[in-house]
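These notes concern the structure reproduced below.
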Amino acid sequence: MQSLLYATLLSLTLASGVYSDDGNSSVSTQVFATTGSNVTLPCRLNGGSDATAFAGNGIRVKWSRVPEDETLDEEEVLVLLGHHTKIFGEFIDRAFLQQADEKDASLVITDSTVGDSGRYRCEVSKGMEEVSYDVNLQVEDGGLLNGVVFPYSPRLGRYNLNFHDAEQACRDQDAVVATFDQLFQAWQGGFDWCNAGWLIDGSVQYPVTKPREPCGGSGTNAGLRTYGQQDKSNSRYDVFCFTPELEGEFFWLEQPERLTYDEAVQACLDDGAEIAKVSHMYAAWKLHGYDRCDAGWLADGSVRYPISNPRKNCSPTEAAVRFMGFPDKKQKLYGVYCVKPRQ
């Protein structure tokens, strides 16, 4: 086991599709993001299936931002030793290790800003052994998108919408079918989704930032996977919708007990609001950092909850809108999310 630990090398699995497993510490890769998005700077331990996880046995993980002039001091971002993590400066409450599995030392930065741009260094060490890799992060103003792209599938399940059904599904959520440019910019901002969906031009595509076997293969480049133009009447997929900036107030309605769907609808009305739609939740989550670890009814009969700050029992591996399905509307198991016009 000791020999495996000392032989462990880092490899990067990045948005550009670059991999390294040869221990070459000069490897550097570019990652792009837009302001306000969550961005992942991947860094992985590479080795046999018996290789020990970085979270134990004295392995230290350090992320830092390196100035262009390397004679200057680097800026520490995050240090992990064993099960103890320390986050520094402006990254407090905005940075964490993804830890999707026992070899994942990727750094996640939430609510990214143009000022986050720069060269970041991932260093993993044990004893006298150390390897490091650099990641160049470029954060661009995301104002051009001015909204959020989100995936949608109906109560019937995935791949049940022809193009015309897809248009109506987005309209029902106060949204429109997304364009290629909108999906591309969302992908640049870290959007990763493994189900194919309609775009407004009649093509079917899906965005992959973390190549893996179920999503076109682990050895492929990141990007937009395309099925090309499809039969608008007979082909069936999910859909990518686009909704602009949230105009109302999105909120969790405090209630003394859990609600059925009908009770949830009425509770929002009694509060001078309406039950929120899926687009409202995505806009509040993506554009305003809304975070709540309570599953609640939405207007389409689905149950979801938005997590901007991943934590134990609350989407621990990534910031996301979590989907609980379309339960029996008579179940009295959930709360409700509402939306009302701003005063």
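Each chain in the structure tokens gets a letter, A, B, ..., in the order shown, and its residues are numbered from 1; ligands are numbered from 1 in order too.
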Checklist entry - Residues at most 12 Å from Trp193 (chain A), counting only C-alpha atoms, excluding those fewer than 4 positions away in the same chain, as a ChimeraX atom specification? => result /A:149-152,183,186-187,197,205-212,214-216,222-225,238-240,320
Mind writing the picked residues with N, CA, C and O atoms as a short mmCIF file (atom, residue, chain, number, x, y, z; two decimals), in the first residue's frame?
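Saved file again.cif follows:
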```cif
data_model
loop_
_atom_site.label_atom_id
_atom_site.label_comp_id
_atom_site.auth_asym_id
_atom_site.auth_seq_id
_atom_site.Cartn_x
_atom_site.Cartn_y
_atom_site.Cartn_z
N VAL A 149 -30.24 28.66 -18.46
CA VAL A 149 -30.66 27.50 -19.23
C VAL A 149 -30.87 26.35 -18.26
O VAL A 149 -30.04 26.11 -17.38
N PHE A 150 -31.99 25.65 -18.41
CA PHE A 150 -32.23 24.51 -17.52
C PHE A 150 -32.85 23.35 -18.31
O PHE A 150 -33.57 23.56 -19.30
N PRO A 151 -32.58 22.12 -17.88
CA PRO A 151 -33.15 20.95 -18.56
C PRO A 151 -34.55 20.67 -18.04
O PRO A 151 -34.86 20.92 -16.88
N TYR A 152 -35.39 20.14 -18.91
CA TYR A 152 -36.74 19.82 -18.47
C TYR A 152 -37.23 18.53 -19.13
O TYR A 152 -37.04 18.32 -20.33
N LEU A 183 -27.13 27.61 -24.85
CA LEU A 183 -26.63 26.37 -24.27
C LEU A 183 -25.11 26.37 -24.23
O LEU A 183 -24.50 25.92 -23.25
N ALA A 186 -23.98 28.50 -21.40
CA ALA A 186 -24.23 27.80 -20.13
C ALA A 186 -23.17 26.73 -19.91
O ALA A 186 -22.68 26.53 -18.78
N TRP A 187 -22.78 26.02 -20.98
CA TRP A 187 -21.72 25.01 -20.87
C TRP A 187 -20.41 25.66 -20.46
O TRP A 187 -19.69 25.14 -19.59
N GLY A 197 -31.41 17.05 -25.25
CA GLY A 197 -32.62 17.87 -25.29
C GLY A 197 -32.70 18.71 -26.55
O GLY A 197 -31.69 19.05 -27.18
N GLN A 205 -29.07 18.23 -28.52
CA GLN A 205 -27.70 18.28 -28.02
C GLN A 205 -27.71 18.13 -26.50
O GLN A 205 -28.76 18.15 -25.87
N TYR A 206 -26.51 17.99 -25.93
CA TYR A 206 -26.38 18.03 -24.47
C TYR A 206 -24.96 18.45 -24.11
O TYR A 206 -24.00 18.16 -24.83
N PRO A 207 -24.80 19.19 -22.98
CA PRO A 207 -23.50 19.75 -22.60
C PRO A 207 -22.75 18.86 -21.62
O PRO A 207 -23.30 18.40 -20.62
N VAL A 208 -21.48 18.62 -21.90
CA VAL A 208 -20.65 17.79 -21.01
C VAL A 208 -19.39 18.57 -20.66
O VAL A 208 -18.60 18.92 -21.54
N THR A 209 -19.19 18.85 -19.37
CA THR A 209 -17.95 19.47 -18.91
C THR A 209 -17.03 18.44 -18.27
O THR A 209 -15.83 18.67 -18.16
N LYS A 210 -17.60 17.29 -17.85
CA LYS A 210 -16.82 16.23 -17.20
C LYS A 210 -17.04 14.93 -17.98
O LYS A 210 -17.96 14.18 -17.69
N PRO A 211 -16.22 14.68 -19.01
CA PRO A 211 -16.41 13.48 -19.82
C PRO A 211 -16.38 12.22 -18.96
O PRO A 211 -15.56 12.07 -18.07
N ARG A 212 -17.30 11.31 -19.23
CA ARG A 212 -17.42 10.06 -18.49
C ARG A 212 -18.14 9.04 -19.36
O ARG A 212 -18.78 9.41 -20.36
N PRO A 214 -20.92 7.14 -19.29
CA PRO A 214 -22.33 7.21 -19.70
C PRO A 214 -22.67 8.41 -20.58
O PRO A 214 -23.78 8.51 -21.07
N CYS A 215 -21.72 9.33 -20.76
CA CYS A 215 -21.99 10.58 -21.49
C CYS A 215 -21.06 10.73 -22.67
O CYS A 215 -20.34 11.72 -22.80
N GLY A 216 -21.01 9.73 -23.51
CA GLY A 216 -20.19 9.81 -24.71
C GLY A 216 -18.79 9.25 -24.56
O GLY A 216 -18.01 9.27 -25.51
N ALA A 222 -14.55 17.41 -23.66
CA ALA A 222 -15.74 18.10 -23.17
C ALA A 222 -16.31 18.96 -24.29
O ALA A 222 -15.61 19.33 -25.23
N GLY A 223 -17.59 19.27 -24.20
CA GLY A 223 -18.21 20.12 -25.20
C GLY A 223 -19.69 19.83 -25.31
O GLY A 223 -20.29 19.18 -24.46
N LEU A 224 -20.30 20.33 -26.39
CA LEU A 224 -21.71 20.04 -26.66
C LEU A 224 -21.79 18.81 -27.54
O LEU A 224 -21.30 18.80 -28.67
N ARG A 225 -22.37 17.74 -27.02
CA ARG A 225 -22.62 16.55 -27.82
C ARG A 225 -23.87 16.79 -28.67
O ARG A 225 -24.87 17.31 -28.18
N ASP A 238 -35.70 15.17 -24.24
CA ASP A 238 -36.02 16.21 -23.27
C ASP A 238 -35.86 17.56 -23.97
O ASP A 238 -35.71 17.62 -25.19
N VAL A 239 -35.84 18.65 -23.20
CA VAL A 239 -35.68 19.97 -23.80
C VAL A 239 -34.84 20.84 -22.88
O VAL A 239 -34.86 20.68 -21.66
N PHE A 240 -34.07 21.74 -23.48
CA PHE A 240 -33.36 22.77 -22.72
C PHE A 240 -34.14 24.07 -22.88
O PHE A 240 -34.35 24.56 -24.00
N ALA A 320 -26.59 22.47 -7.17
CA ALA A 320 -27.55 21.96 -8.16
C ALA A 320 -28.97 22.19 -7.69
O ALA A 320 -29.22 22.42 -6.50
#
```
Checklist entry - Using only C-alpha atoms, which residues sit within 10 Å of Gly272 (chain A) once same-chain residues fewer than 5 positions away are excluded, as a list in words? => result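 Result of the neighbour search: Gln266, Ala267, Cys338, Val339, Lys340 and Pro341 of chain A.
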Each residue of region 315-337 of chain A with at least one atom at most 12 Å from region 105-113 of chain A should appear once, together with its nearest atom pair and the corresponding distance in Å (one decimal); atoms considered: only C-alpha atoms; ordering: chain, then increasing residue number; output as JSON lines.
```
{"residue": "A:Pro316", "atom": "CA", "partner": "A:Val108", "partner_atom": "CA", "distance": 11.9}
{"residue": "A:Thr317", "atom": "CA", "partner": "A:Val108", "partner_atom": "CA", "distance": 9.6}
{"residue": "A:Glu318", "atom": "CA", "partner": "A:Val108", "partner_atom": "CA", "distance": 8.2}
{"residue": "A:Ala319", "atom": "CA", "partner": "A:Thr110", "partner_atom": "CA", "distance": 8.2}
{"residue": "A:Ala320", "atom": "CA", "partner": "A:Thr110", "partner_atom": "CA", "distance": 11.3}
```
Would you export the selected residues with all heavy atoms as a PDB file, in the first residue's frame, please?
```
ATOM      1  N   PRO A 316     -24.127  16.981  -1.510  1.00  0.00           N
ATOM      2  CA  PRO A 316     -22.764  17.169  -1.005  1.00  0.00           C
ATOM      3  C   PRO A 316     -21.691  17.334  -2.072  1.00  0.00           C
ATOM      4  O   PRO A 316     -20.627  17.882  -1.791  1.00  0.00           O
ATOM      5  CB  PRO A 316     -22.525  15.898  -0.178  1.00  0.00           C
ATOM      6  CG  PRO A 316     -23.473  14.893  -0.745  1.00  0.00           C
ATOM      7  CD  PRO A 316     -24.687  15.667  -1.149  1.00  0.00           C
ATOM      8  N   THR A 317     -21.951  16.890  -3.312  1.00  0.00           N
ATOM      9  CA  THR A 317     -20.888  16.908  -4.315  1.00  0.00           C
ATOM     10  C   THR A 317     -20.928  18.100  -5.244  1.00  0.00           C
ATOM     11  O   THR A 317     -19.933  18.413  -5.899  1.00  0.00           O
ATOM     12  CB  THR A 317     -20.925  15.631  -5.172  1.00  0.00           C
ATOM     13  OG1 THR A 317     -22.181  15.566  -5.867  1.00  0.00           O
ATOM     14  CG2 THR A 317     -20.755  14.398  -4.309  1.00  0.00           C
ATOM     15  N   GLU A 318     -22.068  18.799  -5.341  1.00  0.00           N
ATOM     16  CA  GLU A 318     -22.141  19.905  -6.287  1.00  0.00           C
ATOM     17  C   GLU A 318     -23.337  20.796  -5.994  1.00  0.00           C
ATOM     18  O   GLU A 318     -24.334  20.365  -5.420  1.00  0.00           O
ATOM     19  CB  GLU A 318     -22.255  19.390  -7.729  1.00  0.00           C
ATOM     20  CG  GLU A 318     -23.516  18.578  -7.981  1.00  0.00           C
ATOM     21  CD  GLU A 318     -23.633  18.109  -9.418  1.00  0.00           C
ATOM     22  OE1 GLU A 318     -22.850  18.580 -10.259  1.00  0.00           O
ATOM     23  OE2 GLU A 318     -24.510  17.272  -9.695  1.00  0.00           O
ATOM     24  N   ALA A 319     -23.207  22.056  -6.401  1.00  0.00           N
ATOM     25  CA  ALA A 319     -24.344  22.962  -6.371  1.00  0.00           C
ATOM     26  C   ALA A 319     -25.305  22.557  -7.484  1.00  0.00           C
ATOM     27  O   ALA A 319     -24.889  22.320  -8.617  1.00  0.00           O
ATOM     28  CB  ALA A 319     -23.877  24.400  -6.561  1.00  0.00           C
ATOM     29  N   ALA A 320     -26.590  22.473  -7.175  1.00  0.00           N
ATOM     30  CA  ALA A 320     -27.545  21.963  -8.157  1.00  0.00           C
ATOM     31  C   ALA A 320     -28.971  22.194  -7.686  1.00  0.00           C
ATOM     32  O   ALA A 320     -29.220  22.420  -6.497  1.00  0.00           O
ATOM     33  CB  ALA A 320     -27.320  20.463  -8.389  1.00  0.00           C
TER      34      ALA A 320
END
```
Checklist entry - In Å, how far is it from CA of Val39 (chain A) to CA of Lys286 (chain A)? => result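 Going from CA of Val39 (chain A) over to CA of Lys286 (chain A), I get 12.3 Å.
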Item to check | region 59-263 of chain A: residues DSSP assigns to alpha helix (DSSP H), reported as an MDAnalysis selection string | outcome: chainID A and resid 163:172 180:188 261:263
Convert the current residue selection to file output with C-alpha atoms, as a compact mmCIF listing (two decimals), in the first residue's frame.
```txt
# COMPACT_ATOMS: atom_id res chain seq x y z
CA PHE A 163 -40.25 19.36 -30.67
CA HIS A 164 -43.74 20.84 -30.42
CA ASP A 165 -44.30 19.29 -27.00
CA ALA A 166 -40.92 20.71 -25.96
CA GLU A 167 -41.94 24.23 -26.97
CA GLN A 168 -45.13 23.95 -24.93
CA ALA A 169 -43.28 22.46 -21.94
CA CYS A 170 -40.96 25.49 -21.82
CA ARG A 171 -43.88 27.92 -22.24
CA ASP A 172 -45.64 26.21 -19.33
CA PHE A 180 -27.46 26.92 -29.36
CA ASP A 181 -25.61 30.06 -28.21
CA GLN A 182 -27.44 30.04 -24.87
CA LEU A 183 -26.63 26.37 -24.27
CA PHE A 184 -23.02 26.93 -25.32
CA GLN A 185 -22.60 29.84 -22.92
CA ALA A 186 -24.23 27.80 -20.13
CA TRP A 187 -21.72 25.01 -20.87
CA GLN A 188 -18.87 27.52 -20.65
CA TYR A 261 -50.10 19.49 -3.85
CA ASP A 262 -53.53 21.15 -3.69
CA GLU A 263 -52.79 22.46 -0.20
```
Item to check | Surrounding residues of Thr179 (chain A) excluding itself and chain neighbours under 5 positions, 8 Å, only C-alpha atoms, as a PyMOL selection string | outcome: chain A and resi 199-201
Go ahead and save the residues from that selection, with N, CA and C atoms, as a PDB file, in the first residue's frame.
```pdb
ATOM      1  N   LEU A 199     -33.155  21.940 -28.943  1.00  0.00           N
ATOM      2  CA  LEU A 199     -32.871  23.366 -29.021  1.00  0.00           C
ATOM      3  C   LEU A 199     -33.806  23.985 -30.056  1.00  0.00           C
ATOM      4  N   ILE A 200     -33.911  25.301 -30.068  1.00  0.00           N
ATOM      5  CA  ILE A 200     -34.903  25.978 -30.896  1.00  0.00           C
ATOM      6  C   ILE A 200     -34.668  25.765 -32.384  1.00  0.00           C
ATOM      7  N   ASP A 201     -33.435  25.444 -32.797  1.00  0.00           N
ATOM      8  CA  ASP A 201     -33.155  25.220 -34.218  1.00  0.00           C
ATOM      9  C   ASP A 201     -33.536  23.820 -34.683  1.00  0.00           C
TER      10      ASP A 201
END
```
Item to check | Residues flagged strand (DSSP E) by DSSP in region 49-223 of chain A, as a PyMOL selection string | outcome: chain A and resi 60-66+75-81+84-87+95-97+107-109+118-126+129-140+147-152+176-177+197-198+203-208+223
Given the selection you just returned, output its residues as a file containing C-alpha atoms, formatted as a CSV table (one decimal), in the first residue's frame.
```
chain,number,residue,atom,x,y,z
A,60,ARG,CA,-2.1,16.9,1.8
A,61,VAL,CA,-4.0,18.8,-0.9
A,62,LYS,CA,-3.3,22.5,-1.5
A,63,TRP,CA,-4.9,24.8,-4.0
A,64,SER,CA,-3.4,28.3,-4.5
A,65,ARG,CA,-3.5,31.1,-7.0
A,66,VAL,CA,-0.1,31.8,-8.5
A,75,GLU,CA,-2.4,33.3,-2.7
A,76,GLU,CA,-3.6,30.3,-0.7
A,77,VAL,CA,-7.1,29.2,-1.6
A,78,LEU,CA,-7.7,25.9,0.2
A,79,VAL,CA,-5.6,23.4,2.2
A,80,LEU,CA,-6.8,19.9,3.1
A,81,LEU,CA,-4.9,17.6,5.5
A,84,HIS,CA,-9.4,18.9,8.1
A,85,THR,CA,-9.9,21.7,5.5
A,86,LYS,CA,-9.0,25.4,5.7
A,87,ILE,CA,-10.2,28.0,3.2
A,95,ALA,CA,-14.6,27.3,-2.4
A,96,PHE,CA,-14.6,23.6,-1.5
A,97,LEU,CA,-13.2,20.3,-2.7
A,107,LEU,CA,-11.7,22.7,-6.5
A,108,VAL,CA,-15.2,24.2,-6.9
A,109,ILE,CA,-15.5,28.0,-6.8
A,118,GLY,CA,-5.8,33.6,-12.9
A,119,ARG,CA,-3.5,30.6,-12.7
A,120,TYR,CA,-4.4,28.1,-10.0
A,121,ARG,CA,-2.1,25.3,-8.8
A,122,CYS,CA,-3.2,22.0,-7.3
A,123,GLU,CA,-0.5,20.3,-5.2
A,124,VAL,CA,-0.8,16.9,-3.6
A,125,SER,CA,1.9,15.7,-1.3
A,126,LYS,CA,2.8,12.9,1.1
A,129,GLU,CA,6.8,13.3,-2.5
A,130,GLU,CA,4.9,16.0,-4.3
A,131,VAL,CA,3.2,16.6,-7.6
A,132,SER,CA,1.4,19.7,-8.9
A,133,TYR,CA,-0.5,20.9,-12.0
A,134,ASP,CA,-1.7,24.3,-13.1
A,135,VAL,CA,-5.1,25.3,-14.3
A,136,ASN,CA,-5.7,28.7,-15.9
A,137,LEU,CA,-9.1,30.1,-15.1
A,138,GLN,CA,-10.7,32.8,-17.2
A,139,VAL,CA,-14.0,34.3,-15.9
A,140,GLU,CA,-15.8,36.5,-18.4
A,147,GLY,CA,-30.9,34.3,-17.7
A,148,VAL,CA,-30.5,30.7,-17.1
A,149,VAL,CA,-30.7,27.5,-19.2
A,150,PHE,CA,-32.2,24.5,-17.5
A,151,PRO,CA,-33.1,20.9,-18.6
A,152,TYR,CA,-36.7,19.8,-18.5
A,176,VAL,CA,-38.6,29.4,-24.2
A,177,VAL,CA,-36.7,26.7,-25.9
A,197,GLY,CA,-32.6,17.9,-25.3
A,198,TRP,CA,-34.2,19.9,-28.1
A,203,SER,CA,-31.2,20.1,-33.2
A,204,VAL,CA,-30.8,17.8,-30.2
A,205,GLN,CA,-27.7,18.3,-28.0
A,206,TYR,CA,-26.4,18.0,-24.5
A,207,PRO,CA,-23.5,19.7,-22.6
A,208,VAL,CA,-20.7,17.8,-21.0
A,223,GLY,CA,-18.2,20.1,-25.2
```
Item to check | Straight-line distance linking CA of Asn160 (chain A) with CA of Asn234 (chain A), stated in Å to one decimal | outcome: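 Computing the Euclidean distance for CA of Asn160 (chain A) and CA of Asn234 (chain A) yields 10.2 Å.
Atom pair CA of Gly115 (chain A) / CA of Ala284 (chain A): separated by 23.0 Å.
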